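For reference, query.cif is printed below; it contains mmCIF, C-alpha atoms.
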data_query
loop_
_atom_site.label_atom_id
_atom_site.label_comp_id
_atom_site.auth_asym_id
_atom_site.auth_seq_id
_atom_site.Cartn_x
_atom_site.Cartn_y
_atom_site.Cartn_z
CA MET A 7 6.78 24.63 -24.02
CA SER A 8 7.30 28.01 -22.36
CA LEU A 9 6.04 31.17 -24.03
CA ILE A 10 8.91 33.21 -22.60
CA ALA A 11 12.46 32.08 -23.25
CA PRO A 12 15.95 33.59 -23.03
CA PHE A 13 16.84 35.41 -26.25
CA ASP A 14 19.32 33.98 -28.77
CA PRO A 15 18.65 30.23 -28.93
CA TRP A 16 21.56 29.81 -31.38
CA LYS A 17 24.11 31.35 -28.97
CA SER A 18 25.65 33.35 -31.80
CA ARG A 19 29.20 34.49 -31.10
CA LEU A 20 28.35 37.75 -32.90
CA CYS A 21 25.27 38.59 -30.82
CA THR A 22 25.79 41.76 -28.77
CA CYS A 23 22.27 42.03 -27.32
CA PRO A 24 21.94 42.60 -23.58
CA PRO A 25 20.33 39.80 -21.53
CA LYS A 26 16.65 39.68 -22.36
CA PHE A 27 13.71 37.38 -22.87
CA SER A 28 11.84 36.64 -26.08
CA LEU A 29 8.08 36.34 -26.53
CA ASN A 30 6.06 35.64 -29.68
CA PRO A 31 2.26 35.89 -29.24
CA TYR A 32 1.79 34.30 -32.67
CA THR A 33 3.38 31.34 -34.40
CA GLY A 34 4.35 32.14 -37.97
CA CYS A 35 4.10 35.43 -39.85
CA ASP A 36 1.99 36.66 -42.77
CA HIS A 37 4.46 39.19 -44.20
CA GLY A 38 6.12 36.68 -46.52
CA CYS A 39 9.54 38.39 -46.47
CA ARG A 40 11.87 36.66 -48.92
CA TYR A 41 14.87 37.02 -46.62
CA CYS A 42 13.22 35.61 -43.48
CA TYR A 43 15.42 33.38 -41.33
CA SER A 44 12.57 31.91 -39.23
CA THR A 45 11.30 29.35 -41.72
CA TYR A 46 12.57 26.51 -39.51
CA ILE A 47 9.11 26.96 -37.95
CA PRO A 48 6.62 24.69 -39.81
CA ASN A 49 4.11 26.48 -42.03
CA PHE A 50 5.82 29.73 -41.12
CA PHE A 51 4.14 32.05 -43.61
CA ARG A 52 0.74 31.68 -41.95
CA ALA A 53 0.33 33.43 -38.59
CA ARG A 54 -1.80 31.72 -35.96
CA PRO A 55 -2.32 32.62 -32.30
CA LYS A 56 -0.66 30.52 -29.64
CA LYS A 57 -3.08 28.30 -27.75
CA MET A 58 -4.34 29.59 -24.40
CA LEU A 59 -1.85 32.44 -24.76
CA LEU A 60 -3.10 34.84 -22.11
CA SER A 61 -3.79 32.32 -19.34
CA ARG A 62 -0.41 30.66 -19.87
CA LEU A 63 1.35 34.00 -20.03
CA GLU A 64 -0.14 35.24 -16.76
CA LYS A 65 1.45 32.29 -14.96
CA GLU A 66 4.83 32.73 -16.63
CA LEU A 67 4.99 36.48 -16.01
CA ARG A 68 4.62 35.91 -12.26
CA LYS A 69 7.99 34.16 -12.28
CA LEU A 70 9.87 37.08 -13.90
CA PRO A 71 11.52 39.73 -11.72
CA SER A 72 10.04 43.22 -12.05
CA GLY A 73 11.98 45.20 -14.66
CA SER A 74 12.89 42.19 -16.80
CA LEU A 75 13.38 43.06 -20.48
CA ILE A 76 11.18 41.22 -23.00
CA SER A 77 11.69 41.48 -26.75
CA MET A 78 8.48 40.99 -28.73
CA SER A 79 8.80 39.55 -31.30
CA ASN A 80 12.01 38.13 -32.70
CA SER A 81 10.62 35.66 -35.22
CA SER A 82 6.86 36.08 -35.68
CA ASP A 83 5.58 39.65 -36.00
CA PRO A 84 3.33 40.54 -33.03
CA TYR A 85 1.02 42.52 -35.34
CA PRO A 86 -0.24 40.22 -38.10
CA PRO A 87 -3.51 41.25 -39.81
CA ALA A 88 -5.48 39.01 -37.41
CA GLU A 89 -4.29 41.12 -34.46
CA ARG A 90 -6.64 43.93 -35.47
CA GLU A 91 -9.54 41.74 -34.37
CA LEU A 92 -7.98 39.31 -31.89
CA GLU A 93 -6.08 41.95 -29.88
CA LEU A 94 -3.82 39.29 -28.36
CA THR A 95 -0.71 41.47 -28.48
CA ARG A 96 -2.67 44.38 -27.01
CA ASN A 97 -3.70 42.20 -24.06
CA VAL A 98 -0.16 40.88 -23.70
CA LEU A 99 1.04 44.48 -23.37
CA ARG A 100 -1.56 45.10 -20.67
CA LEU A 101 -0.34 42.10 -18.69
CA MET A 102 3.29 43.19 -18.98
CA ALA A 103 2.42 46.75 -17.96
CA GLU A 104 0.74 45.42 -14.81
CA ARG A 105 3.96 43.57 -13.96
CA ASP A 106 6.12 46.65 -14.66
CA LEU A 107 8.16 44.73 -17.22
CA ARG A 108 10.39 46.43 -19.80
CA VAL A 109 9.29 45.75 -23.38
CA LEU A 110 10.93 46.18 -26.77
CA VAL A 111 8.34 45.77 -29.54
CA ILE A 112 9.71 44.77 -32.96
CA THR A 113 7.37 44.87 -35.96
CA LYS A 114 6.82 45.74 -39.61
CA SER A 115 3.21 46.73 -39.01
CA ASP A 116 1.68 50.15 -38.44
CA THR A 117 -1.04 48.47 -36.33
CA VAL A 118 1.28 49.02 -33.36
CA VAL A 119 0.11 52.68 -33.28
CA ARG A 120 -3.27 51.44 -32.03
CA ASP A 121 -1.58 50.44 -28.77
CA ALA A 122 0.13 53.77 -28.13
CA ASP A 123 -2.24 54.39 -25.22
CA ILE A 124 -0.72 51.40 -23.40
CA LEU A 125 2.86 51.79 -24.61
CA ARG A 126 3.22 55.42 -23.53
CA ASN A 127 2.29 54.49 -19.96
CA MET A 128 4.72 51.57 -19.59
CA ARG A 129 8.43 51.01 -19.91
CA ALA A 130 8.59 50.37 -23.65
CA ALA A 131 10.22 51.23 -26.96
CA VAL A 132 9.11 50.32 -30.48
CA ALA A 133 11.31 49.23 -33.39
CA ILE A 134 9.86 49.19 -36.91
CA THR A 135 11.66 47.67 -39.88
CA VAL A 136 11.92 49.73 -43.08
CA THR A 137 14.23 48.31 -45.74
CA THR A 138 13.34 50.58 -48.66
CA LEU A 139 11.08 53.48 -49.66
CA ASN A 140 10.70 52.04 -53.15
CA GLU A 141 7.25 50.44 -53.18
CA GLU A 142 8.05 48.21 -56.16
CA VAL A 143 11.12 46.78 -54.41
CA ALA A 144 9.20 46.44 -51.13
CA GLU A 145 6.45 44.50 -52.89
CA ARG A 146 8.98 42.07 -54.32
CA VAL A 147 10.94 41.52 -51.13
CA GLU A 148 8.23 41.93 -48.42
CA PRO A 149 5.09 41.11 -50.43
CA SER A 150 2.50 41.10 -47.64
CA ALA A 151 3.95 43.69 -45.25
CA PRO A 152 2.49 47.21 -44.96
CA GLU A 153 3.87 49.78 -47.41
CA PRO A 154 7.04 51.56 -46.30
CA LYS A 155 5.33 54.96 -46.08
CA ARG A 156 2.85 53.53 -43.56
CA ARG A 157 5.71 52.29 -41.41
CA ILE A 158 7.49 55.66 -41.49
CA ARG A 159 4.20 57.33 -40.59
CA ALA A 160 3.77 54.90 -37.66
CA LEU A 161 7.22 55.78 -36.32
CA LYS A 162 6.32 59.48 -36.47
CA ARG A 163 3.02 58.98 -34.66
CA LEU A 164 4.66 56.93 -31.90
CA LYS A 165 7.37 59.56 -31.53
CA LYS A 166 4.67 62.21 -31.03
CA GLU A 167 3.30 60.02 -28.23
CA VAL A 168 6.71 60.32 -26.54
CA ILE A 169 7.42 56.63 -27.05
CA PRO A 170 11.08 55.87 -27.91
CA VAL A 171 11.30 54.72 -31.53
CA ILE A 172 13.90 52.67 -33.37
CA LEU A 173 14.38 52.21 -37.09
CA ARG A 174 15.52 48.76 -38.17
CA LEU A 175 17.22 49.25 -41.54
CA ASP A 176 17.58 45.54 -41.77
CA PRO A 177 18.65 43.78 -43.88
CA VAL A 178 20.76 45.79 -46.29
CA MET A 179 20.62 43.68 -49.45
CA PRO A 180 23.37 44.16 -52.05
CA ARG A 181 22.06 45.41 -55.41
CA ILE A 182 18.49 45.54 -54.06
CA ASN A 183 18.19 48.25 -51.42
CA GLU A 184 21.77 49.44 -50.91
CA ASP A 185 21.01 52.63 -52.88
CA ASP A 186 18.15 53.35 -50.46
CA ILE A 187 20.27 53.51 -47.30
CA GLU A 188 20.55 57.28 -47.13
CA LEU A 189 16.97 57.85 -48.34
CA VAL A 190 15.47 55.67 -45.60
CA LEU A 191 17.61 57.29 -42.93
CA GLU A 192 16.65 60.79 -44.08
CA ALA A 193 12.95 59.85 -44.03
CA ALA A 194 13.35 58.53 -40.47
CA SER A 195 15.79 61.18 -39.22
CA PHE A 196 13.57 61.79 -36.17
CA VAL A 197 14.08 58.31 -34.65
CA ASP A 198 16.02 57.72 -31.43
CA HIS A 199 18.18 54.86 -32.67
CA VAL A 200 18.97 52.84 -35.81
CA VAL A 201 19.75 49.13 -35.99
CA SER A 202 21.19 47.82 -39.22
CA SER A 203 22.66 44.62 -40.62
CA THR A 204 23.43 43.05 -43.97
CA LEU A 205 21.50 40.23 -45.58
CA LYS A 206 22.40 36.77 -44.31
CA LEU A 207 21.24 33.77 -46.31
CA ARG A 208 20.34 30.15 -45.74
CA GLY A 209 19.48 27.71 -48.49
CA ASP A 210 15.74 28.38 -48.42
CA SER A 211 16.05 32.17 -48.16
CA TYR A 212 18.50 32.18 -51.07
CA SER A 213 15.91 30.33 -53.16
CA ARG A 214 13.18 32.80 -52.22
CA MET A 215 15.36 35.83 -52.88
CA VAL A 216 16.46 34.71 -56.34
CA SER A 217 12.92 33.69 -57.26
CA ALA A 218 11.93 37.31 -56.61
CA PHE A 219 15.12 38.69 -58.20
CA PRO A 220 16.16 36.12 -60.83
CA GLU A 221 18.60 38.62 -62.35
CA LEU A 222 20.69 38.32 -59.16
CA LYS A 223 20.85 34.52 -59.00
CA GLU A 224 24.45 34.10 -60.12
CA ALA A 225 25.71 37.25 -58.39
CA TYR A 226 24.21 36.14 -55.06
CA ARG A 227 25.53 32.61 -55.48
CA ARG A 228 29.02 34.03 -55.96
CA MET A 229 28.82 36.73 -53.27
CA TYR A 230 27.52 34.38 -50.59
CA PHE A 231 28.45 30.78 -51.35
CA GLY A 232 31.60 31.54 -53.34
CA GLU A 233 33.23 34.59 -51.77
CA GLY A 234 31.25 34.85 -48.52
CA GLU A 235 31.72 33.12 -45.20
CA ARG A 236 29.56 30.79 -43.16
CA ILE A 237 28.93 31.86 -39.58
CA GLY A 238 26.65 29.65 -37.52
CA GLY A 239 23.92 28.42 -39.83
CA SER A 240 23.98 31.41 -42.19
CA TRP A 241 26.05 32.64 -45.12
CA TYR A 242 27.42 36.18 -44.82
CA LEU A 243 28.91 38.55 -47.35
CA ARG A 244 32.66 38.78 -46.95
CA LYS A 245 33.57 41.23 -44.21
CA ASP A 246 34.94 44.06 -46.36
CA LEU A 247 31.63 44.21 -48.30
CA ARG A 248 29.64 44.23 -45.08
CA GLU A 249 31.83 46.99 -43.68
CA SER A 250 31.46 49.13 -46.81
CA LEU A 251 27.65 48.88 -46.74
CA LEU A 252 27.35 49.53 -43.02
CA ARG A 253 29.87 52.38 -43.15
CA ARG A 254 27.29 54.27 -45.18
CA VAL A 255 24.73 53.70 -42.43
CA ALA A 256 27.20 54.94 -39.84
CA GLU A 257 28.20 58.03 -41.82
CA LYS A 258 24.61 59.06 -42.50
CA CYS A 259 23.55 58.49 -38.90
CA GLU A 260 26.49 60.58 -37.69
CA GLU A 261 25.49 63.33 -40.11
CA LEU A 262 21.92 63.22 -38.79
CA GLY A 263 22.97 62.87 -35.15
CA ILE A 264 21.29 59.51 -34.62
CA SER A 265 22.55 56.70 -32.40
CA TYR A 266 23.23 53.53 -34.42
CA ALA A 267 24.39 49.94 -34.04
CA PHE A 268 24.88 46.77 -36.09
CA CYS A 269 23.26 43.38 -35.49
CA ARG A 270 25.41 40.22 -35.54
CA GLU A 271 28.09 41.68 -37.79
CA GLY A 272 31.25 41.66 -35.71
CA ILE A 273 31.65 45.36 -36.56
CA PRO A 274 32.16 47.80 -33.63
CA PHE A 275 29.65 50.53 -32.75
CA ARG A 276 29.44 53.08 -29.95
CA ALA A 277 25.73 52.97 -29.03
CA ARG A 278 24.69 51.88 -25.54
CA SER A 279 22.94 48.80 -26.99
CA CYS A 280 22.65 47.21 -30.41
CA ASP A 281 18.88 46.62 -30.28
CA GLY A 282 17.87 49.98 -28.81
CA SER A 283 16.88 48.49 -25.46
CA HIS A 284 18.85 51.27 -23.72
CA LEU A 285 15.88 53.48 -24.65
CA VAL A 286 13.49 51.43 -22.52
CA PRO A 287 13.26 53.23 -19.14
#

As a first step, turn the structure in this file into structure tokens.
Amino acid sequence: MSLIAPFDPWKSRLCTCPPKFSLNPYTGCDHGCRYCYSTYIPNFFRARPKKMLLSRLEKELRKLPSGSLISMSNSSDPYPPAERELELTRNVLRLMAERDLRVLVITKSDTVVRDADILRNMRAAVAITVTTLNEEVAERVEPSAPEPKRRIRALKRLKKEVIPVILRLDPVMPRINEDDIELVLEAASFVDHVVSSTLKLRGDSYSRMVSAFPELKEAYRRMYFGEGERIGGSWYLRKDLRESLLRRVAEKCEELGISYAFCREGIPFRARSCDGSHLVP
């Protein structure tokens, strides 16, 4: 199986991403996020390095045209705790820099700051997910991810390195972090772009969410499986609820003068790209 593949294997009709490739140096992820959609991967909540990653990757990178855009990573975070010792992602970045490839790094980990020396000298941007500043809520919904304040601090440090930075306020979860929308955006008002979307659920992620928030079990059942709509393999909030939540993102970003976009929502935006890849030189 190839390490590098075209992005969007589900061919979602709502996907507005530009053409790009996807690369995951690790299989699985240690963050344990309750809302994760990638649990179709066996034993997903345990990150492990891909076999013979670097030697395989060298061969595959030779086939890509210079300037190709690679998104890393879309399912398994490229900076699990093991990366601090293994440095697989760091070496992947080196290989891509040698090939003059364009890279969009997506993570929840502040370990990415370690690689600023490589990132600032290549065509790259970094997106970090922050869903809440409330540490108690973060611990319930993203139990093994770094604390939100560490992620905000990582965005600031990367920005100082003149690396384009993107905040992923994603997902917005009704009755969980919707009151944090403006607070997160104010804390990250220095970023170059914001990507946001509402919580989408599958059967297993619904079970995980309501196990962490049992008080929302019936409300979520009604909002998603009763009043919501199924798009592809996921259940969405009904569109007017999604629009009302994301309108707050839009209004705050406009107040702060930040570019913003929405991911797989079917809601218009004016940014040059949804994922922030327009920031990659």

Among listed residues A:Ser250, A:Asn140, A:Ser195, A:Asn97, nearest Asp121 (chain A) (using all atoms listed in the file):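 Checking each candidate against Asp121 (chain A), we get A:Asn97 as the closest.
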
Of the residues A:Ser202, A:Ser240, A:Ser61, A:Ser217, which is the one nearest to Ala267 (chain A), using only C-alpha atoms? A:Ser202

Evaluate the PyMOL selection byres ((chain A and resi 178-185) around 6) and report residues as a ChimeraX atom specification: /A:176-177,186-187,204-205

Distance query Ala218 (chain A) at most 12 Å, all atoms listed in the file, self and fewer than 5 positions along chain excluded, as a list in words: Gly38, Cys39, Arg40, Tyr41, Glu142, Val143, Ala144, Glu145, Arg146, Val147, Glu148, Pro149, Ile182, Ser211, Tyr212, Ser213 and Lys223 of chain A

Residue nearest Phe275 (chain A) among A:Lys155, A:Lys114, A:Thr22, A:Glu192 (counting all atoms listed in the file): A:Thr22

Could you give me the centre and size, in Å to one decimal, of an axis-aligned box around all listed atoms of region 85-88 of chain A with 4 Å added on every side, as JSON?
{"center_x": -2.2, "center_y": 40.8, "center_z": -37.6, "size_x": 14.5, "size_y": 11.5, "size_z": 12.5}

Selection result of the PyMOL selection byres ((chain A and resi 88) around 10) on this file, as a list of chain:residue names: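 The output of the PyMOL selection byres ((chain A and resi 88) around 10) on this file is A:Tyr32, A:Asp36, A:Ala53, A:Arg54, A:Pro55, A:Pro84, A:Tyr85, A:Pro86, A:Pro87, A:Glu89, A:Arg90, A:Glu91, A:Leu92, A:Glu93, A:Leu94.
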
Please fill the gaps in region 224-257 of chain A so it has N, CA and C atoms, and write that as a PDB file, in the frame of the given file.
ATOM      1  N   GLU A 224      23.031  34.455 -60.060  1.00  0.00           N
ATOM      2  CA  GLU A 224      24.450  34.100 -60.120  1.00  0.00           C
ATOM      3  C   GLU A 224      25.297  35.018 -59.253  1.00  0.00           C
ATOM      4  N   ALA A 225      24.947  36.307 -59.223  1.00  0.00           N
ATOM      5  CA  ALA A 225      25.710  37.250 -58.390  1.00  0.00           C
ATOM      6  C   ALA A 225      25.592  36.870 -56.916  1.00  0.00           C
ATOM      7  N   TYR A 226      24.392  36.527 -56.462  1.00  0.00           N
ATOM      8  CA  TYR A 226      24.210  36.140 -55.060  1.00  0.00           C
ATOM      9  C   TYR A 226      24.902  34.811 -54.765  1.00  0.00           C
ATOM     10  N   ARG A 227      24.838  33.882 -55.684  1.00  0.00           N
ATOM     11  CA  ARG A 227      25.530  32.610 -55.480  1.00  0.00           C
ATOM     12  C   ARG A 227      27.031  32.856 -55.261  1.00  0.00           C
ATOM     13  N   ARG A 228      27.591  33.744 -56.078  1.00  0.00           N
ATOM     14  CA  ARG A 228      29.020  34.030 -55.960  1.00  0.00           C
ATOM     15  C   ARG A 228      29.321  34.807 -54.679  1.00  0.00           C
ATOM     16  N   MET A 229      28.533  35.867 -54.411  1.00  0.00           N
ATOM     17  CA  MET A 229      28.820  36.730 -53.270  1.00  0.00           C
ATOM     18  C   MET A 229      28.695  36.001 -51.937  1.00  0.00           C
ATOM     19  N   TYR A 230      27.755  35.069 -51.857  1.00  0.00           N
ATOM     20  CA  TYR A 230      27.520  34.380 -50.590  1.00  0.00           C
ATOM     21  C   TYR A 230      28.226  33.027 -50.515  1.00  0.00           C
ATOM     22  N   PHE A 231      27.946  32.150 -51.450  1.00  0.00           N
ATOM     23  CA  PHE A 231      28.450  30.780 -51.350  1.00  0.00           C
ATOM     24  C   PHE A 231      29.845  30.620 -51.955  1.00  0.00           C
ATOM     25  N   GLY A 232      30.260  31.593 -52.763  1.00  0.00           N
ATOM     26  CA  GLY A 232      31.600  31.540 -53.340  1.00  0.00           C
ATOM     27  C   GLY A 232      32.595  32.367 -52.549  1.00  0.00           C
ATOM     28  N   GLU A 233      32.294  33.666 -52.417  1.00  0.00           N
ATOM     29  CA  GLU A 233      33.230  34.590 -51.770  1.00  0.00           C
ATOM     30  C   GLU A 233      32.888  34.871 -50.306  1.00  0.00           C
ATOM     31  N   GLY A 234      31.679  34.516 -49.884  1.00  0.00           N
ATOM     32  CA  GLY A 234      31.250  34.850 -48.520  1.00  0.00           C
ATOM     33  C   GLY A 234      31.795  33.885 -47.492  1.00  0.00           C
ATOM     34  N   GLU A 235      31.276  34.001 -46.276  1.00  0.00           N
ATOM     35  CA  GLU A 235      31.720  33.120 -45.200  1.00  0.00           C
ATOM     36  C   GLU A 235      30.520  32.600 -44.427  1.00  0.00           C
ATOM     37  N   ARG A 236      30.651  31.370 -43.935  1.00  0.00           N
ATOM     38  CA  ARG A 236      29.560  30.790 -43.160  1.00  0.00           C
ATOM     39  C   ARG A 236      29.828  31.027 -41.677  1.00  0.00           C
ATOM     40  N   ILE A 237      28.851  31.612 -41.015  1.00  0.00           N
ATOM     41  CA  ILE A 237      28.930  31.860 -39.580  1.00  0.00           C
ATOM     42  C   ILE A 237      27.666  31.295 -38.960  1.00  0.00           C
ATOM     43  N   GLY A 238      27.817  30.340 -38.058  1.00  0.00           N
ATOM     44  CA  GLY A 238      26.650  29.650 -37.520  1.00  0.00           C
ATOM     45  C   GLY A 238      25.956  28.918 -38.656  1.00  0.00           C
ATOM     46  N   GLY A 239      24.658  29.092 -38.772  1.00  0.00           N
ATOM     47  CA  GLY A 239      23.920  28.420 -39.830  1.00  0.00           C
ATOM     48  C   GLY A 239      23.649  29.284 -41.039  1.00  0.00           C
ATOM     49  N   SER A 240      24.277  30.471 -41.110  1.00  0.00           N
ATOM     50  CA  SER A 240      23.980  31.410 -42.190  1.00  0.00           C
ATOM     51  C   SER A 240      25.219  31.755 -42.998  1.00  0.00           C
ATOM     52  N   TRP A 241      24.981  32.157 -44.251  1.00  0.00           N
ATOM     53  CA  TRP A 241      26.050  32.640 -45.120  1.00  0.00           C
ATOM     54  C   TRP A 241      26.047  34.160 -45.107  1.00  0.00           C
ATOM     55  N   TYR A 242      27.222  34.741 -44.879  1.00  0.00           N
ATOM     56  CA  TYR A 242      27.420  36.180 -44.820  1.00  0.00           C
ATOM     57  C   TYR A 242      28.193  36.648 -46.059  1.00  0.00           C
ATOM     58  N   LEU A 243      27.986  37.908 -46.423  1.00  0.00           N
ATOM     59  CA  LEU A 243      28.910  38.550 -47.350  1.00  0.00           C
ATOM     60  C   LEU A 243      30.296  38.590 -46.720  1.00  0.00           C
ATOM     61  N   ARG A 244      31.329  38.649 -47.535  1.00  0.00           N
ATOM     62  CA  ARG A 244      32.660  38.780 -46.950  1.00  0.00           C
ATOM     63  C   ARG A 244      32.743  40.103 -46.198  1.00  0.00           C
ATOM     64  N   LYS A 245      33.611  40.143 -45.193  1.00  0.00           N
ATOM     65  CA  LYS A 245      33.570  41.230 -44.210  1.00  0.00           C
ATOM     66  C   LYS A 245      33.797  42.599 -44.817  1.00  0.00           C
ATOM     67  N   ASP A 246      34.679  42.724 -45.807  1.00  0.00           N
ATOM     68  CA  ASP A 246      34.940  44.060 -46.360  1.00  0.00           C
ATOM     69  C   ASP A 246      33.704  44.619 -47.051  1.00  0.00           C
ATOM     70  N   LEU A 247      32.873  43.751 -47.671  1.00  0.00           N
ATOM     71  CA  LEU A 247      31.630  44.210 -48.300  1.00  0.00           C
ATOM     72  C   LEU A 247      30.620  44.638 -47.233  1.00  0.00           C
ATOM     73  N   ARG A 248      30.543  43.867 -46.166  1.00  0.00           N
ATOM     74  CA  ARG A 248      29.640  44.230 -45.080  1.00  0.00           C
ATOM     75  C   ARG A 248      30.053  45.573 -44.471  1.00  0.00           C
ATOM     76  N   GLU A 249      31.342  45.737 -44.270  1.00  0.00           N
ATOM     77  CA  GLU A 249      31.830  46.990 -43.680  1.00  0.00           C
ATOM     78  C   GLU A 249      31.551  48.178 -44.587  1.00  0.00           C
ATOM     79  N   SER A 250      31.679  48.003 -45.897  1.00  0.00           N
ATOM     80  CA  SER A 250      31.460  49.130 -46.810  1.00  0.00           C
ATOM     81  C   SER A 250      29.993  49.538 -46.834  1.00  0.00           C
ATOM     82  N   LEU A 251      29.080  48.560 -46.763  1.00  0.00           N
ATOM     83  CA  LEU A 251      27.650  48.880 -46.740  1.00  0.00           C
ATOM     84  C   LEU A 251      27.264  49.551 -45.417  1.00  0.00           C
ATOM     85  N   LEU A 252      27.739  49.005 -44.319  1.00  0.00           N
ATOM     86  CA  LEU A 252      27.350  49.530 -43.020  1.00  0.00           C
ATOM     87  C   LEU A 252      28.067  50.836 -42.686  1.00  0.00           C
ATOM     88  N   ARG A 253      29.197  51.085 -43.323  1.00  0.00           N
ATOM     89  CA  ARG A 253      29.870  52.380 -43.150  1.00  0.00           C
ATOM     90  C   ARG A 253      28.968  53.513 -43.628  1.00  0.00           C
ATOM     91  N   ARG A 254      28.216  53.248 -44.681  1.00  0.00           N
ATOM     92  CA  ARG A 254      27.290  54.270 -45.180  1.00  0.00           C
ATOM     93  C   ARG A 254      26.180  54.553 -44.166  1.00  0.00           C
ATOM     94  N   VAL A 255      25.714  53.508 -43.493  1.00  0.00           N
ATOM     95  CA  VAL A 255      24.730  53.700 -42.430  1.00  0.00           C
ATOM     96  C   VAL A 255      25.335  54.563 -41.327  1.00  0.00           C
ATOM     97  N   ALA A 256      26.536  54.207 -40.913  1.00  0.00           N
ATOM     98  CA  ALA A 256      27.200  54.940 -39.840  1.00  0.00           C
ATOM     99  C   ALA A 256      27.417  56.399 -40.202  1.00  0.00           C
ATOM    100  N   GLU A 257      27.911  56.654 -41.411  1.00  0.00           N
ATOM    101  CA  GLU A 257      28.200  58.030 -41.820  1.00  0.00           C
ATOM    102  C   GLU A 257      26.941  58.884 -41.888  1.00  0.00           C
TER     103      GLU A 257
END
